[in-house]
Amino acid sequence: MARMSFRSMLLAGVLASGVASAQVLEVAVDASPVGLDPHRATAFSTFQMINGTIYEGLTSIDKDLRVKPGVAESWTVSGDGKTYAFKLRAGMTFHDGSKVEAADVVATINRVLSKEIASPLASRLAALDRAEAVDAATVVLHLKEPSAPLLVSIATIAIVPRSMEAEKEALQRAPIGTGPFKFKEWQTNGFVALEKHVGYWRAGAPKLDGIKFNIVPESATRQVGLASGQYTMLPNIDAATALQLKGRPGVKLAETLELAYSFVGVNTSRPPFDDARVRQAVNYALNRQEIIAAALFGAGVPGGPLSPALKDWVTPVSEFACYKHDPGRAQALLKEAGHSAPVAITINVLPRQDIRDVAQVVQAQLNKAGFKVELKNQEMGQFIQDWRNSNFDMFASTNAGSPDPDDYFFRTFRTGGSTNVFKYSNTELDGLLDGARTMQDPKARQEAYAKVQLMLACDGPIMHIAYGQLFTAMRANVNGFEIIANRSLSTLADTSVAK
Amino acid sequence: MLRRLLLARLMDLAVVLVAVSMIVFAMIRLIPGDAVAIMLGANTEVTPDRIAALRAQIGLDQPIAVQYFGWIAKVLRGDLGTSLWTGRPVVDEIAVHVWPTVQLTVLALVLGAGLAVPAGCVMARLRGRGADAAMRIVTVAGLTIPSFWLGIVMILVLATVAPSLQLLGYVPFSQDPLGNLARLAMPAFALGLPILANLSRLVRSAMLDALGQDYIRTARAKGVPERGVVYRHALRNALIPFVTSVGIMTGYLLGGAIVVEQVFAIPGLGRLILGAIAERNYPLLQATILMVTLGFVVVNFVVDLLYLAIDPRVRG
């Protein structure tokens, strides 16, 4: 009995030394993933762990936010823009060893569209008529109408094995994808561990033997862990944390401009914000630079309806007349709209520290311009409920962005859009948005979105405030990592840690 | 007589469990914020039929009494339900999270309660002298220092003093016993310090109270050596309020020390419950709170048994 335990101790010692020489990247994140099913769990906490690491789509997004090949090595688009033919790479396998074939892509698309799975990603395939596996290596997507955002959208639709098409629960805890890392273990509230996918299609990748996402809720603990070397990377952190780590020995920062933005949004179906003049007044009342300096530590830029990171599409903020800070003009507009006394409103505030800070500065600025603001700091569940039921005058929050402008506008501003909680309806805007989705000529699209931005900046239901700086902090000996504005960690495939 | 006493206590405990289960069941459904809305998230398409389908799946469309009895019936059969988000059995989730909490409880109590008895006795012996006053001031400090602040300060200090030590997070004992204990040392200290402060003051005042009693005068008059007076006579009487307090503290600790767990990134019951509340994960939340209550109740039962051992008056 004693001899057996000695032998097992010896074995454990051997195994331990073998494991110690493997290079596992210790990452610290602040939130648990809500699930690992790429079609059902779309929260950021999940996205950053699985996108580009466990899962890949037909296309992928590089660090310059351009579309590049993913599972598909090339594609052709028909003249009328309604038929896309994707050629899949040869010799790809899933993490369970099965070969990747066109039937898997078709099954993936069917899974996303199925009512049973009820995937939030289904709307990204709204233009799709049907998907067809022409042969084992070719998938053809037949669209009802041309779809300009399609190539960007399918980058976020993870390819799963065809056996998973009807499976509802299995992928939540046991992901199977094509990515450079395969799932090893998920200890709830503890960590998510990934290991190298030996059969990955790209030779020489990944360089790491594994990744361990440690779930560490307390910011101070994460910072100390990185500074002391216990953690090697803190991905996608905010300015406050990053600036505290700046200049520490052994630590370096990567940064990029965010696609996400902070904003206040209003209910246009009831007073006072049913009047466009009152909405304009809010814009004149806001001093965006002051908000950025006070609440975001100066790490950000004022922005309109599109992120400045979308260089091909964005209209500069200087073209929006109402973005000039002018409380006098704001008060004049309120008077014009028939309000003599201060306009009393409440702002529901998203329970996130940076948004709470932003809301306080907004309150001070609006109070100086003819409003009387009460802040409601709600708990997340209550906030979501009020948001969904449009039970607010104004709310302060943050929205995610995307490499394609359509994602910034369609769901949020079109009449009946799924996240149009503002009850905003503008038929001219609807026409522009419907049209711009199908335009194939980039120049025509740019003109359409330029008109959209001008329409929304001053009169729209959202007063955009700022696009922040997104940071990733890592040990100085980490090589090959590039930060991407959509928060994907796909460049971990080329990352290595020098000794 | 003894058996009837124990049976009566057991009945009380059963009543407590049932009452708590009902109260918790109702209370969590009163928290504003619809579980279904949160599950579907703030960024997705939500159609009324999708909401209705999810409500039916969770069982929220039935009257609350029906939901309760359905749940209790399953619990009595041993089925604690499945977690809303992951579909994993609740029992598995609790099983994974309970061990860090149990370990932390044991270590904090060993530190806090274990040291409290000698500390309290020393303070009682030194009563009135400068050392006693000094120790009492130190205990006030121990009582008032917040655990999360202490925790963060300890992490920062250790990071500067011994930067290469891996002391954050949690490793199971079976996997790496030394690593497990090394990582739990700091959180156990952060948890144990207020307990030590509290209990040592309790022991001190209970000892002083006992030492002022008539039977102590009798013992001294009989010629019992001072050490025997203090430890054999006074201490046993002082232990009764001490044991009560330890029982209650154990119950609280078993519920998960949420703040310490957050700071030290330990996946214990506190974080499990906090996460379940935020998600409105009703099945997980109900079952976990019920299990924690059961733990509390069992601990208090054990305390009652200890009374029987310590205090002959209860037996009679």
# chains A, B, ... in the order shown; residues from 1 in each chain; ligands from 1
call {"tool": "closest_atom_pairs", "arguments": {"of": "chain B", "to": "chain A", "cutoff": "8 Å", "atoms": "only C-alpha atoms", "output": "CSV"}}
result
residue,atom,partner,partner_atom,distance
B:Pro32,CA,A:Gln382,CA,5.8
B:Gly33,CA,A:Gln382,CA,4.4
B:Asp34,CA,A:Gln385,CA,6.5
B:Ala35,CA,A:Gly381,CA,7.8
B:Ala37,CA,A:Gln385,CA,6.4
B:Ile38,CA,A:Gly381,CA,6.1
B:Gly41,CA,A:Ile384,CA,7.6
B:Ala42,CA,A:Ile384,CA,6.1
B:Asn43,CA,A:Thr419,CA,6.6
B:Thr44,CA,A:Pro120,CA,5.1
B:Glu45,CA,A:Ser418,CA,5.1
B:Val46,CA,A:Ser418,CA,7.2
B:Arg50,CA,A:Ala118,CA,7.9
B:Trp85,CA,A:Val34,CA,6.8
B:Thr86,CA,A:Gly35,CA,6.2
B:Gly87,CA,A:Glu169,CA,6.9
B:Glu93,CA,A:Thr188,CA,7.4
B:Val96,CA,A:Gln187,CA,7.9
B:Ile152,CA,A:Ala220,CA,7.0
B:Ile155,CA,A:Val224,CA,7.3
B:Leu156,CA,A:Val224,CA,6.5
B:Ala159,CA,A:Ser228,CA,5.9
B:Thr160,CA,A:Ser228,CA,7.9
B:Pro163,CA,A:Ser228,CA,5.0
B:Ser164,CA,A:Ser228,CA,6.5
B:Leu165,CA,A:Gln230,CA,7.8
B:Gln166,CA,A:Gln230,CA,5.8
B:Leu168,CA,A:Gly225,CA,7.3
B:Gly169,CA,A:Val216,CA,7.6
B:Tyr170,CA,A:Gly190,CA,7.5
B:Gln262,CA,A:Pro217,CA,5.8
B:Val263,CA,A:Glu218,CA,5.2
B:Phe264,CA,A:Thr221,CA,6.9
B:Ala265,CA,A:Val216,CA,4.9
B:Ile266,CA,A:Gly190,CA,7.0
B:Pro267,CA,A:Asn189,CA,5.1
B:Arg271,CA,A:Asn189,CA,7.2
B:Leu272,CA,A:Asn189,CA,7.3
B:Ala278,CA,A:Gly381,CA,7.0
B:Glu279,CA,A:Gly381,CA,7.7
call {"tool": "write_last_selection", "arguments": {"atoms": "C-alpha atoms", "output": "PDB file, in the first residue's frame"}}
result
ATOM      1  CA  PRO B  32     -37.156  42.980  -9.386  1.00  0.00           C
ATOM      2  CA  GLY B  33     -35.779  42.102 -12.765  1.00  0.00           C
ATOM      3  CA  ASP B  34     -37.270  39.296 -14.733  1.00  0.00           C
ATOM      4  CA  ALA B  35     -35.110  36.166 -14.891  1.00  0.00           C
ATOM      5  CA  ALA B  37     -35.222  39.085 -19.562  1.00  0.00           C
ATOM      6  CA  ILE B  38     -31.785  38.708 -18.040  1.00  0.00           C
ATOM      7  CA  GLY B  41     -29.808  39.500 -22.418  1.00  0.00           C
ATOM      8  CA  ALA B  42     -29.801  43.132 -23.394  1.00  0.00           C
ATOM      9  CA  ASN B  43     -28.630  42.730 -26.949  1.00  0.00           C
ATOM     10  CA  THR B  44     -30.753  40.129 -28.635  1.00  0.00           C
ATOM     11  CA  GLU B  45     -33.975  39.852 -30.475  1.00  0.00           C
ATOM     12  CA  VAL B  46     -36.673  39.036 -28.018  1.00  0.00           C
ATOM     13  CA  ARG B  50     -39.624  33.423 -27.100  1.00  0.00           C
ATOM     14  CA  TRP B  85     -27.627  28.967 -17.605  1.00  0.00           C
ATOM     15  CA  THR B  86     -25.504  25.917 -18.065  1.00  0.00           C
ATOM     16  CA  GLY B  87     -28.041  23.137 -17.676  1.00  0.00           C
ATOM     17  CA  GLU B  93     -22.140  23.117  -9.120  1.00  0.00           C
ATOM     18  CA  VAL B  96     -17.343  21.981  -6.874  1.00  0.00           C
ATOM     19  CA  ILE B 152      -5.838  43.614  -0.811  1.00  0.00           C
ATOM     20  CA  ILE B 155      -1.669  40.814  -1.585  1.00  0.00           C
ATOM     21  CA  LEU B 156       0.147  44.063  -2.333  1.00  0.00           C
ATOM     22  CA  ALA B 159       3.741  41.003  -4.141  1.00  0.00           C
ATOM     23  CA  THR B 160       6.502  43.439  -3.260  1.00  0.00           C
ATOM     24  CA  PRO B 163       6.972  38.589  -6.099  1.00  0.00           C
ATOM     25  CA  SER B 164       7.681  35.133  -7.461  1.00  0.00           C
ATOM     26  CA  LEU B 165       5.286  33.342  -5.123  1.00  0.00           C
ATOM     27  CA  GLN B 166       2.113  32.102  -6.811  1.00  0.00           C
ATOM     28  CA  LEU B 168      -3.641  33.889  -6.080  1.00  0.00           C
ATOM     29  CA  GLY B 169      -6.531  31.725  -7.128  1.00  0.00           C
ATOM     30  CA  TYR B 170      -7.302  28.225  -5.956  1.00  0.00           C
ATOM     31  CA  GLN B 262     -13.818  37.971  -4.581  1.00  0.00           C
ATOM     32  CA  VAL B 263     -10.510  39.519  -3.558  1.00  0.00           C
ATOM     33  CA  PHE B 264      -8.527  36.271  -3.582  1.00  0.00           C
ATOM     34  CA  ALA B 265     -10.340  34.752  -6.591  1.00  0.00           C
ATOM     35  CA  ILE B 266     -11.439  31.630  -4.703  1.00  0.00           C
ATOM     36  CA  PRO B 267     -14.333  29.743  -6.322  1.00  0.00           C
ATOM     37  CA  ARG B 271     -19.303  33.612  -5.392  1.00  0.00           C
ATOM     38  CA  LEU B 272     -21.689  30.893  -6.495  1.00  0.00           C
ATOM     39  CA  ALA B 278     -27.181  38.410 -10.418  1.00  0.00           C
ATOM     40  CA  GLU B 279     -28.375  35.939 -13.037  1.00  0.00           C
TER      41      GLU B 279
END
call {"tool": "residues_around", "arguments": {"residues": "range 109-116 of chain B", "least_positions_apart": "5", "cutoff": "10 Å", "atoms": "only C-alpha atoms", "output": "list in words"}}
result
Gln103, Leu104, Cys121, Val122, Ala188, Phe189, Leu191, Gly192, Leu193, Pro194, Ile195, Leu196, Ala197, Asn198, Leu199, Ser200, Arg201, Leu202, Val203, Arg204, Phe242, Val243, Ser245, Val246, Met249, Thr250 and Leu253 of chain B
call {"tool": "select_by_dssp", "arguments": {"residues": "range 48-278 of chain A", "states": "strand (DSSP E or B)", "output": "number ranges by chain"}}
result
A: 51, 55, 59-61, 67-69, 72-77, 83-88, 93, 99, 128-135, 138-143, 181-187, 191-196, 210-215, 233-237, 251-266
call {"tool": "select_by_dssp", "arguments": {"residues": "range 274-452 of chain A", "states": "alpha helix (DSSP H)", "output": "number ranges by chain"}}
result
A: 276-285, 288-295, 327-336, 353-367, 380-388, 406-413, 427-438, 442-452
call {"tool": "atom_distance", "arguments": {"atom1": "CA of Asp79 in chain B", "atom2": "CA of Val91 in chain B"}}
result
8.1 Å
call {"tool": "closest_residue", "arguments": {"among": "A:Lys324, A:Gly91, A:Leu65, A:Pro342", "to": "Ala203 in chain A", "atoms": "only C-alpha atoms"}}
result
A:Gly91
call {"tool": "residues_around", "arguments": {"residues": "Ile277 in chain B", "least_positions_apart": "3", "cutoff": "10 Å", "atoms": "only C-alpha atoms", "output": "tab-separated table (two decimals) with C-alpha atoms, in the first residue's frame"}}
result
chain	number	residue	atom	x	y	z
A	381	GLY	CA	-31.52	42.95	-13.60
B	28	ILE	CA	-35.95	35.52	-4.66
B	31	ILE	CA	-36.37	40.53	-6.59
B	35	ALA	CA	-35.11	36.17	-14.89
B	271	ARG	CA	-19.30	33.61	-5.39
B	272	LEU	CA	-21.69	30.89	-6.50
B	273	ILE	CA	-24.57	32.52	-4.63
B	274	LEU	CA	-23.65	36.02	-5.76
B	280	ARG	CA	-31.68	35.26	-11.27
B	281	ASN	CA	-30.67	31.60	-11.52
B	282	TYR	CA	-33.58	30.48	-9.33
B	284	LEU	CA	-29.27	27.16	-8.33
B	285	LEU	CA	-30.00	29.90	-5.82
B	286	GLN	CA	-32.79	28.08	-3.98
call {"tool": "atom_distance", "arguments": {"atom1": "CA of Val264 in chain A", "atom2": "CA of Leu375 in chain A"}}
result
12.1 Å
call {"tool": "atom_distance", "arguments": {"atom1": "CA of Gly128 in chain B", "atom2": "CA of Arg236 in chain B"}}
result
22.7 Å
call {"tool": "residues_around", "arguments": {"residues": "Gln331 in chain A", "least_positions_apart": "3", "cutoff": "6 Å", "atoms": "only C-alpha atoms", "output": "JSON, numbers by chain"}}
result
{"A": [328, 334, 369, 370]}
call {"tool": "decode", "arguments": {"residues": "range 43-93 of chain B", "atoms": "C-alpha atoms", "output": "PDB file, in the first residue's frame"}}
result
ATOM      1  CA  ASN B  43     -28.630  42.730 -26.949  1.00  0.00           C
ATOM      2  CA  THR B  44     -30.753  40.129 -28.635  1.00  0.00           C
ATOM      3  CA  GLU B  45     -33.975  39.852 -30.475  1.00  0.00           C
ATOM      4  CA  VAL B  46     -36.673  39.036 -28.018  1.00  0.00           C
ATOM      5  CA  THR B  47     -40.088  38.138 -29.274  1.00  0.00           C
ATOM      6  CA  PRO B  48     -43.062  37.598 -26.955  1.00  0.00           C
ATOM      7  CA  ASP B  49     -43.304  33.954 -27.914  1.00  0.00           C
ATOM      8  CA  ARG B  50     -39.624  33.423 -27.100  1.00  0.00           C
ATOM      9  CA  ILE B  51     -40.151  34.973 -23.666  1.00  0.00           C
ATOM     10  CA  ALA B  52     -43.239  32.853 -23.076  1.00  0.00           C
ATOM     11  CA  ALA B  53     -41.431  29.683 -24.119  1.00  0.00           C
ATOM     12  CA  LEU B  54     -38.550  30.340 -21.753  1.00  0.00           C
ATOM     13  CA  ARG B  55     -40.889  31.159 -18.875  1.00  0.00           C
ATOM     14  CA  ALA B  56     -42.722  27.890 -19.429  1.00  0.00           C
ATOM     15  CA  GLN B  57     -39.438  26.012 -19.565  1.00  0.00           C
ATOM     16  CA  ILE B  58     -38.314  27.437 -16.228  1.00  0.00           C
ATOM     17  CA  GLY B  59     -41.792  26.954 -14.817  1.00  0.00           C
ATOM     18  CA  LEU B  60     -42.344  30.615 -14.039  1.00  0.00           C
ATOM     19  CA  ASP B  61     -45.793  30.639 -15.615  1.00  0.00           C
ATOM     20  CA  GLN B  62     -47.297  28.559 -12.825  1.00  0.00           C
ATOM     21  CA  PRO B  63     -48.639  29.920  -9.533  1.00  0.00           C
ATOM     22  CA  ILE B  64     -45.952  30.242  -6.893  1.00  0.00           C
ATOM     23  CA  ALA B  65     -47.414  27.585  -4.587  1.00  0.00           C
ATOM     24  CA  VAL B  66     -47.375  25.040  -7.411  1.00  0.00           C
ATOM     25  CA  GLN B  67     -43.780  25.943  -8.231  1.00  0.00           C
ATOM     26  CA  TYR B  68     -42.803  25.564  -4.577  1.00  0.00           C
ATOM     27  CA  PHE B  69     -44.365  22.165  -3.998  1.00  0.00           C
ATOM     28  CA  GLY B  70     -43.022  20.886  -7.280  1.00  0.00           C
ATOM     29  CA  TRP B  71     -39.555  21.940  -6.231  1.00  0.00           C
ATOM     30  CA  ILE B  72     -39.809  20.544  -2.678  1.00  0.00           C
ATOM     31  CA  ALA B  73     -41.062  17.226  -3.991  1.00  0.00           C
ATOM     32  CA  LYS B  74     -37.987  16.959  -6.200  1.00  0.00           C
ATOM     33  CA  VAL B  75     -35.650  18.001  -3.386  1.00  0.00           C
ATOM     34  CA  LEU B  76     -37.002  15.286  -1.101  1.00  0.00           C
ATOM     35  CA  ARG B  77     -36.275  12.794  -3.839  1.00  0.00           C
ATOM     36  CA  GLY B  78     -32.709  14.092  -4.030  1.00  0.00           C
ATOM     37  CA  ASP B  79     -33.054  16.089  -7.260  1.00  0.00           C
ATOM     38  CA  LEU B  80     -31.887  19.632  -6.655  1.00  0.00           C
ATOM     39  CA  GLY B  81     -32.638  20.757 -10.171  1.00  0.00           C
ATOM     40  CA  THR B  82     -30.477  22.076 -12.991  1.00  0.00           C
ATOM     41  CA  SER B  83     -28.751  25.419 -13.273  1.00  0.00           C
ATOM     42  CA  LEU B  84     -30.594  27.808 -15.608  1.00  0.00           C
ATOM     43  CA  TRP B  85     -27.627  28.967 -17.605  1.00  0.00           C
ATOM     44  CA  THR B  86     -25.504  25.917 -18.065  1.00  0.00           C
ATOM     45  CA  GLY B  87     -28.041  23.137 -17.676  1.00  0.00           C
ATOM     46  CA  ARG B  88     -25.620  21.428 -15.313  1.00  0.00           C
ATOM     47  CA  PRO B  89     -27.123  19.684 -12.255  1.00  0.00           C
ATOM     48  CA  VAL B  90     -27.140  22.016  -9.285  1.00  0.00           C
ATOM     49  CA  VAL B  91     -25.581  19.297  -7.149  1.00  0.00           C
ATOM     50  CA  ASP B  92     -22.466  19.345  -9.332  1.00  0.00           C
ATOM     51  CA  GLU B  93     -22.140  23.117  -9.120  1.00  0.00           C
TER      52      GLU B  93
END
